[in-house]
Structure formats: structure tokens, C-alpha cells
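Asker: Dropping the structure in here first, questions after.
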Amino acid sequence: MTGLIVQEWIERSGGAEQVLDALRIALPDSRLFALWCDDDERFAPDTVAESWMARTTLRRHKALALPLMSSTWKRARVDFEPDWVLTSTYVFAHHCRFGAVDGSTPKFSYVHTPARYLWEPSLDGRGAGALMSAPRSVLRAVDRAAARDAGDLAANSEFVRRRIIRAWERDARVIYPPVDAAGIVEGGEWRDRLTEQEQDILESLPERGFLMAASRLVPYKRHDAVIGMGRRIGVPVVLAGTGPEAARLQALAAESTVPVHMLGFVSDAMMRALFQRALVFVFPPVEDFGIIPVEAMAAGCPVIVNRIGGAAESVLDGVTGFHVDIDDPVAVASAVDRAGSLDAGDARRRALSFDTARFLEDVSRWILGPAEAGRAAAAQAGATLTSSARDESPKIAARAAG
């Protein structure tokens with residue numbers, strides 16, 4: 001069966017791309033369509049079909065492209081009739097109309113979230129301005145209507161499932177995103193896999209004596225809150241990642257009364273070695289799911305997450321970490337103080353329940369049905385997200401953002 005996987009756009013790294021890599025393993029006969037692809041080495045030539053936007057500067061200006069995305073998806077076409085269509089959607093990809101004209105092509109949508117700038121403007125600056133208030137109600141109506149024809153829905157968390165019910169007035173199953181938890185657990189001591197330069201950096205940090213945060217440095221990730229936590233409780237902070245907030249965070253770090261180490265981009269091995277050296281991993285945002293907290297648990301690191309959001313579904317409160325009000329300094333200080341008493345083995349076991357193997361099985365059964373999924377699983381024996389993705393592109397292993 002030759003299906004079509006539809007993704008909003010393809011970047012060099014990110015949670016949606018990690019899901020896409022796993023979808024390609026679960027559904028190896030599929031072809032791809034995206035508004036544009038910014039990673040030419042990720043897939044074989046001619047594997048990804050792109051929209052007209054790929055030939056314009058709009059691909060570098062998502063905010064400008066947003067008003068045109070819905071109509072672009074509705075008009076997009078491919079040169080074959082797919083046996084099924086699966087959209088990986090977090091903006092408007094589910095508005096697409098690929099497949100038979102009579103609507104008989106089975107359609108599925110893996111929903112990272114209904115567009116936050118429409119439905120949760122407080123969490124997405126693109127929708128928070130006064131200029132968006134008038135068109136928002138119109139765009140919500142368009143989006144809700146498109147969701148009625150988006151086929152069978154799967155949400156990436158229970159938190160997103162509830163948002164789908166509120167926004168689109170539809171229900172969805174929950175299929176959590178893939179995490180290479182087994183690979184992290186089986187990696188043992190990750191410091192042994194570092195380059196000499198990375199080992200020097202690691203050894204310069206306090207041994208199990210710092211708060212760690214990692215992801216793209218953008219405002220809603222709230223790295224400034226982690227710096228503030230460290231200052232209030234007198235614990236050093238380590239930040240990994242790059243992004244537009246870097247300069248502002250560096251200024252805050254320079255003024256901090258405790259050391260703040262900003263490491264920028266780090267390799268997978270370095271990230272995992274940092275998890276194993278940290279006192280606790282802190283994840284402040286209200287996130288749809290949050291892959292990095294699960295990776296931290298797989299490395300045996302306790303995790304503090306916002307009590308609101310998808311990350312609270314993976315972290316077991318009081319067992320593998322703590323759910324807190326990030327703005328409550330007393331609650332945060334208490335969680336940090338208690339983190340050292342948690343069992344690293346409990347964290348690893350919890351992380352394994354989100355392993356890529358589980359995602360592959362769930363997606364295969366969802367799209368192909370139990371019988372076909374069994375045959376696909378046999379053909380995929382031994383395939384993993386890490387090995388298969390890296391065979392296609394060495395860049396997939398790199399992490400610049402969470």
C-alpha cells in the first residue's frame with residue numbers, strides 16, 4: 001500500500017521531525033508532501049513533494065506564510081492516488097484534500113496540536129496581538145470545518161486531546177510521540193562516549209549540583225524562569241540549546257548571583273551525559289507533550305515539569321519527578337530539595353513506556369490495521385528510529401532544539 005504522509009514543513013531538527021522519522025519507519029512505502037523541506041539530506045531525492053511556497057521567500061517567513069497556508073493545502077495535489085493519507089499537523093496540514101475526488105481515500109491526522117496561535121493565543125505570540133482578534137473567529141470556523149474532514153484523529157497527548165475536543169468538537173485517540181528511550185537506557189555512562197573537548201566541558205560543571213534545561217531558546221520555553229530558580233535557591237544552572245533568546249538569557253546569566261553555564265548546541269551524547277550529571281532537569285513551559293523530559297528520565301534524571309500541559313502525563317509526580325507551579329518559588333525549592341531522593345531506576349522504567357517501538361506498533365495498527373501491521377512489523381524487524389533515521393541522514397542525530 002502506497003500512502004502519503006503530509007507534514008506542515010520539514011526542518012533539520014525538532015519534535016515533529018522526530019515523529020516524521022518514526023512514521024517513515026512504521027510506514028516504509030509512503031511518500032511525503034510538505035509546504036517546503038529545509039533539510040535536503042534527510043530523505044532520498046524526489047522523496048518529498050513540495051508546494052509552490054517552497055520556491056518563494058515565504059519558506060523563511062512562517063508568519064507571513066500563515067494566511068496563505070489553508071488555501072495552499074486545499075489546492076495542493078500529488079501525481080498519484082494514495083491508498084491512504086496521514087497528516088502530521090500542528091497548523092493547517094489537515095486542511096489538505098489529497099486522495100480520490102469522491103472522498104473515498106482513508107484519511108488520518110496525527111495532531112501535535114490544533115494551531116496554538118488560533119486556539120491558545122496566550123501560548124503563541126503570533127495570535128496574541130490585537131490585529132489577530134478580528135480574523136481569529138473566522139479562521140477558527142475555517143479550521144473547525146476542515147477538522148470535520150480530517151479523518152481519524154490521534155492526539156500526541158491527553159492534554160492535546162482535550163484541546164481538540166474544545167477546539168474542533170471532535171474526539172481523538174492518544175498516541176504518544178516516539179522517544180529513543182531504550183537507546184538512552186542501554187547507552188550506559190554517556191560521558192564515556194564524549195569527545196575530549198566535550199569531556200572537558202562536562203568536567204568543568206558541578207557534579208550532580210546544577211539545574212538543567214534544554215530546548216530551543218525561545219520565550220515560551222521560559223529559560224529565564226530556570227535562571228531565576230537557580231538564583232533563588234543558590235544552585236548553578238546549565239542551559240543547552242540555541243535560539244533568538246540567547247542574547248537576553250546571556251545578559252540574565254551575567255547578572256545572576258549563581259553560575260549560569262550556557263552551552264549552546266550540544267550533541268546527543270553530550271545531552272545525555274548532562275542529564276546524568278544534573279541534579280534535576282527543569283521543563284517550565286506549558287507544552288503539548290515534551291520529548292526532552294522523557295529523554296532525561298531515560299538517563300535516570302529526575303524531572304520538574306509544569307503541572308499544566310502534556311509533560312505532566314509522562315512524569316510521575318513524586319516518583320520520577322514533580323509537577324509544580326513554575327511561578328511558586330516555595331514549591332520549586334521543595335521539588336529540587338526532594339529530587340535527590342528519587343530512584344533513577346523508576347525514571348528509566350517510566351521512560352521506556354514511551355519508547356519508539358511502542359509508537360511504531362501503535363501507528364502501524366492505526367493506519368494499516370492489525371493484520372497488515374503484523375506483516376509490516378515483521379518486515380521492519382530490527383529497525384529503530386535511531387539507526388534507520390541516521391542511515392538516511394546524519395543530521396537527524398543532531399539536536400539543536402527540543
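Just so we're on the same page: first chain in the C-alpha cells is A, next is B, and so on; residues restart at 1 for each chain, and ligands are numbered from 1 in the order they show up.
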As a ChimeraX atom specification, please: all residues of range 68-313 of chain A that backbone DSSP puts in helix (DSSP H, G or I).
Answerer: /A:68-75,93-95,116-119,121-123,125-127,130-148,158-168,181-186,190-193,196-203,219-221,223-233,246-255,268-277,291-298,311-313
Asker: Generate a file of the selected residues that holds C-alpha atoms, formatted as an mmCIF file, in the first residue's frame.
Answerer:
data_model
loop_
_atom_site.group_PDB
_atom_site.id
_atom_site.type_symbol
_atom_site.label_atom_id
_atom_site.label_comp_id
_atom_site.auth_asym_id
_atom_site.auth_seq_id
_atom_site.Cartn_x
_atom_site.Cartn_y
_atom_site.Cartn_z
ATOM 1 C CA LEU A 68 -1.949 31.502 2.690
ATOM 2 C CA MET A 69 -1.446 28.068 4.209
ATOM 3 C CA SER A 70 -5.051 26.883 4.405
ATOM 4 C CA SER A 71 -5.830 27.668 0.765
ATOM 5 C CA THR A 72 -2.491 26.174 -0.304
ATOM 6 C CA TRP A 73 -3.280 22.898 1.426
ATOM 7 C CA LYS A 74 -6.751 22.751 -0.116
ATOM 8 C CA ARG A 75 -5.325 23.194 -3.631
ATOM 9 C CA ALA A 93 -1.925 20.406 7.180
ATOM 10 C CA HIS A 94 -5.199 18.652 7.998
ATOM 11 C CA HIS A 95 -6.916 21.061 5.553
ATOM 12 C CA ARG A 116 -1.996 27.357 19.056
ATOM 13 C CA TYR A 117 -1.968 30.856 17.574
ATOM 14 C CA LEU A 118 -5.689 30.363 16.853
ATOM 15 C CA TRP A 119 -6.900 28.325 19.804
ATOM 16 C CA PRO A 121 -3.150 32.692 21.709
ATOM 17 C CA SER A 122 -1.785 33.173 25.228
ATOM 18 C CA LEU A 123 0.726 30.409 24.443
ATOM 19 C CA GLY A 125 2.696 35.207 20.285
ATOM 20 C CA ARG A 126 1.583 35.016 16.650
ATOM 21 C CA GLY A 127 -2.036 35.102 17.791
ATOM 22 C CA ALA A 130 -4.851 42.965 18.588
ATOM 23 C CA LEU A 131 -4.678 42.593 14.793
ATOM 24 C CA MET A 132 -5.479 38.883 15.118
ATOM 25 C CA SER A 133 -8.588 39.305 17.281
ATOM 26 C CA ALA A 134 -10.948 40.045 14.367
ATOM 27 C CA PRO A 135 -9.832 37.347 11.883
ATOM 28 C CA ARG A 136 -9.353 34.758 14.642
ATOM 29 C CA SER A 137 -13.059 33.885 14.833
ATOM 30 C CA VAL A 138 -13.228 33.459 11.046
ATOM 31 C CA LEU A 139 -10.090 31.313 10.955
ATOM 32 C CA ARG A 140 -11.365 29.205 13.833
ATOM 33 C CA ALA A 141 -14.555 28.468 11.882
ATOM 34 C CA VAL A 142 -12.494 27.503 8.808
ATOM 35 C CA ASP A 143 -10.210 25.312 10.908
ATOM 36 C CA ARG A 144 -13.069 23.576 12.708
ATOM 37 C CA ALA A 145 -14.809 22.849 9.396
ATOM 38 C CA ALA A 146 -11.604 21.369 7.957
ATOM 39 C CA ALA A 147 -11.159 19.213 11.052
ATOM 40 C CA ARG A 148 -14.503 17.530 10.364
ATOM 41 C CA GLU A 158 -4.268 13.638 26.612
ATOM 42 C CA PHE A 159 -3.668 17.370 27.062
ATOM 43 C CA VAL A 160 -3.909 17.883 23.283
ATOM 44 C CA ARG A 161 -6.873 15.516 23.065
ATOM 45 C CA ARG A 162 -8.808 17.805 25.412
ATOM 46 C CA ARG A 163 -7.791 20.815 23.283
ATOM 47 C CA ILE A 164 -9.087 19.002 20.163
ATOM 48 C CA ILE A 165 -12.428 18.414 21.857
ATOM 49 C CA ARG A 166 -12.702 22.093 22.830
ATOM 50 C CA ALA A 167 -11.477 23.498 19.521
ATOM 51 C CA TRP A 168 -12.761 21.103 16.898
ATOM 52 C CA ALA A 181 14.301 5.687 25.496
ATOM 53 C CA ALA A 182 15.746 2.206 25.057
ATOM 54 C CA GLY A 183 18.765 3.588 23.242
ATOM 55 C CA ILE A 184 19.405 6.072 26.056
ATOM 56 C CA VAL A 185 18.965 3.456 28.787
ATOM 57 C CA GLU A 186 21.191 0.947 27.013
ATOM 58 C CA TRP A 190 27.224 8.626 28.296
ATOM 59 C CA ARG A 191 30.302 10.569 29.413
ATOM 60 C CA ASP A 192 32.365 7.669 28.036
ATOM 61 C CA ARG A 193 31.052 8.492 24.538
ATOM 62 C CA GLU A 196 37.824 15.036 24.548
ATOM 63 C CA GLN A 197 36.538 18.589 24.236
ATOM 64 C CA GLU A 198 33.079 17.576 25.461
ATOM 65 C CA GLN A 199 34.575 15.723 28.408
ATOM 66 C CA ASP A 200 36.483 18.857 29.401
ATOM 67 C CA ILE A 201 33.245 20.883 29.317
ATOM 68 C CA LEU A 202 31.381 18.258 31.338
ATOM 69 C CA GLU A 203 34.080 18.033 33.974
ATOM 70 C CA PRO A 219 10.348 32.923 25.070
ATOM 71 C CA TYR A 220 7.637 30.353 25.781
ATOM 72 C CA LYS A 221 10.199 27.757 26.884
ATOM 73 C CA HIS A 223 14.569 29.505 30.392
ATOM 74 C CA ASP A 224 14.614 32.802 32.266
ATOM 75 C CA ALA A 225 12.471 31.120 34.925
ATOM 76 C CA VAL A 226 15.124 28.418 35.348
ATOM 77 C CA ILE A 227 17.829 31.053 35.828
ATOM 78 C CA GLY A 228 15.591 32.688 38.420
ATOM 79 C CA MET A 229 15.090 29.357 40.211
ATOM 80 C CA GLY A 230 18.816 28.797 40.440
ATOM 81 C CA ARG A 231 19.392 32.301 41.804
ATOM 82 C CA ARG A 232 16.681 31.969 44.482
ATOM 83 C CA ILE A 233 17.787 28.580 45.802
ATOM 84 C CA ALA A 246 20.253 33.659 23.578
ATOM 85 C CA ALA A 247 21.399 37.266 23.990
ATOM 86 C CA ARG A 248 18.743 38.131 26.572
ATOM 87 C CA LEU A 249 19.478 34.970 28.550
ATOM 88 C CA GLN A 250 23.205 35.668 28.444
ATOM 89 C CA ALA A 251 22.504 39.085 29.960
ATOM 90 C CA LEU A 252 20.465 37.471 32.744
ATOM 91 C CA ALA A 253 23.237 34.934 33.275
ATOM 92 C CA ALA A 254 25.818 37.717 33.639
ATOM 93 C CA GLU A 255 23.729 39.332 36.381
ATOM 94 C CA ASP A 268 23.045 13.777 21.631
ATOM 95 C CA ALA A 269 25.811 12.127 23.661
ATOM 96 C CA MET A 270 26.606 15.366 25.483
ATOM 97 C CA MET A 271 22.922 15.997 26.196
ATOM 98 C CA ARG A 272 22.588 12.573 27.772
ATOM 99 C CA ALA A 273 25.796 12.952 29.755
ATOM 100 C CA LEU A 274 24.431 16.247 31.089
ATOM 101 C CA PHE A 275 21.219 14.514 32.152
ATOM 102 C CA GLN A 276 23.289 12.009 34.112
ATOM 103 C CA ARG A 277 25.303 14.740 35.836
ATOM 104 C CA ILE A 291 10.031 14.720 24.384
ATOM 105 C CA ILE A 292 13.098 16.013 26.263
ATOM 106 C CA PRO A 293 11.699 15.301 29.760
ATOM 107 C CA VAL A 294 11.242 11.656 28.746
ATOM 108 C CA GLU A 295 14.809 11.542 27.427
ATOM 109 C CA ALA A 296 16.012 12.940 30.755
ATOM 110 C CA MET A 297 14.124 10.228 32.646
ATOM 111 C CA ALA A 298 15.619 7.580 30.359
ATOM 112 C CA ALA A 311 4.739 16.868 30.181
ATOM 113 C CA ALA A 312 2.771 16.182 33.368
ATOM 114 C CA GLU A 313 1.491 12.995 31.696
#
Asker: Might you pull out every residue within 7 Å of range 340-355 of chain A, with only C-alpha atoms counted and same-chain residues fewer than 2 positions away left off, and present them as a VMD selection string?
Answerer: chain A and resid 176 178 to 182 185 279 294 297 to 302 319 to 320 337 to 338 357 to 359
Asker: Quick check, in Å to one decimal: how far apart do CA of Phe281 in chain A and CA of Glu245 in chain A lie?
Answerer: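 Answer for the CA of Phe281 in chain A to CA of Glu245 in chain A separation: 19.5 Å.
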Asker: Please list as a PyMOL selection string every residue within 8 Å of Val111 in chain A, counting only C-alpha atoms and excluding residues in the same chain fewer than 4 positions away.
Answerer: chain A and resi 87-90+153-156+160
Asker: List the spatial neighbours of Ile308 in chain A as a list of chain:residue names - criterion: any atom at most 12 Å away, only C-alpha atoms, same-chain residues fewer than 4 positions off excluded.
Answerer: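 With the cut-off at 12 Å, the set is A:Glu158, A:Phe159, A:Val160, A:Phe283, A:Pro284, A:Pro285, A:Val286, A:Glu287, A:Asp288, A:Phe289, A:Gly290, A:Ile304, A:Ala312, A:Glu313, A:Val315, A:Phe322, A:His323, A:Val324, A:Asp325, A:Ile326.
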Asker: Tell me, as a list of chain:residue names, which residues lie within 8 Å of Gly99 in chain A, counting only C-alpha atoms; anything in the same chain fewer than 5 positions away does not count.
Answerer: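 Within the cut-off, the hits are A:Glu81, A:Pro82, A:Asp83, A:Trp84, A:Val85, A:Ser104, A:Thr105.
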Asker: As a PyMOL selection string, please: every residue in range 51-152 of chain A that DSSP puts in strand (DSSP E or B).
Answerer: chain A and resi 85-89+107-111+152
Asker: Considering only C-alpha atoms, can you say which of A:Cys96, A:Ala333, A:Val260, A:Ala339 comes closest to Ala34 in chain A?
Answerer: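 Using only C-alpha atoms, the shortest distance to Ala34 in chain A belongs to A:Cys96.
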Asker: Need to verify the contact set: range 16-32 of chain A, 7 Å, only C-alpha atoms, exclusion of same-chain residues closer than 2 positions in sequence. Can you return it as a list in words?
Answerer: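 Everything that qualifies: Met1, Thr2, Gly3, Leu4, Ile5, Val6, Ile10, Glu11, Ser13, Gly14, Ala34, Thr47, Val48, Ala49, Pro177, Pro178, Leu360, Val363, Ser364, Leu385 and Ala389 of chain A.
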Asker: Quick one: distance from CA of Leu239 in chain A to CA of Ala115 in chain A in Å, one decimal?
Answerer: 27.9 Å
Asker: What does the structure give for the distance between CA of Leu35 in chain A and CA of Glu50 in chain A, in Å to one decimal?
Answerer: 5.2 Å
Asker: With only C-alpha atoms as the basis for distance, which of A:Val305, A:Arg60, A:Arg170, A:Arg216 is at the shortest distance from Gly264 in chain A?
Answerer: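 So, comparing all the options, the nearest one is A:Arg216.
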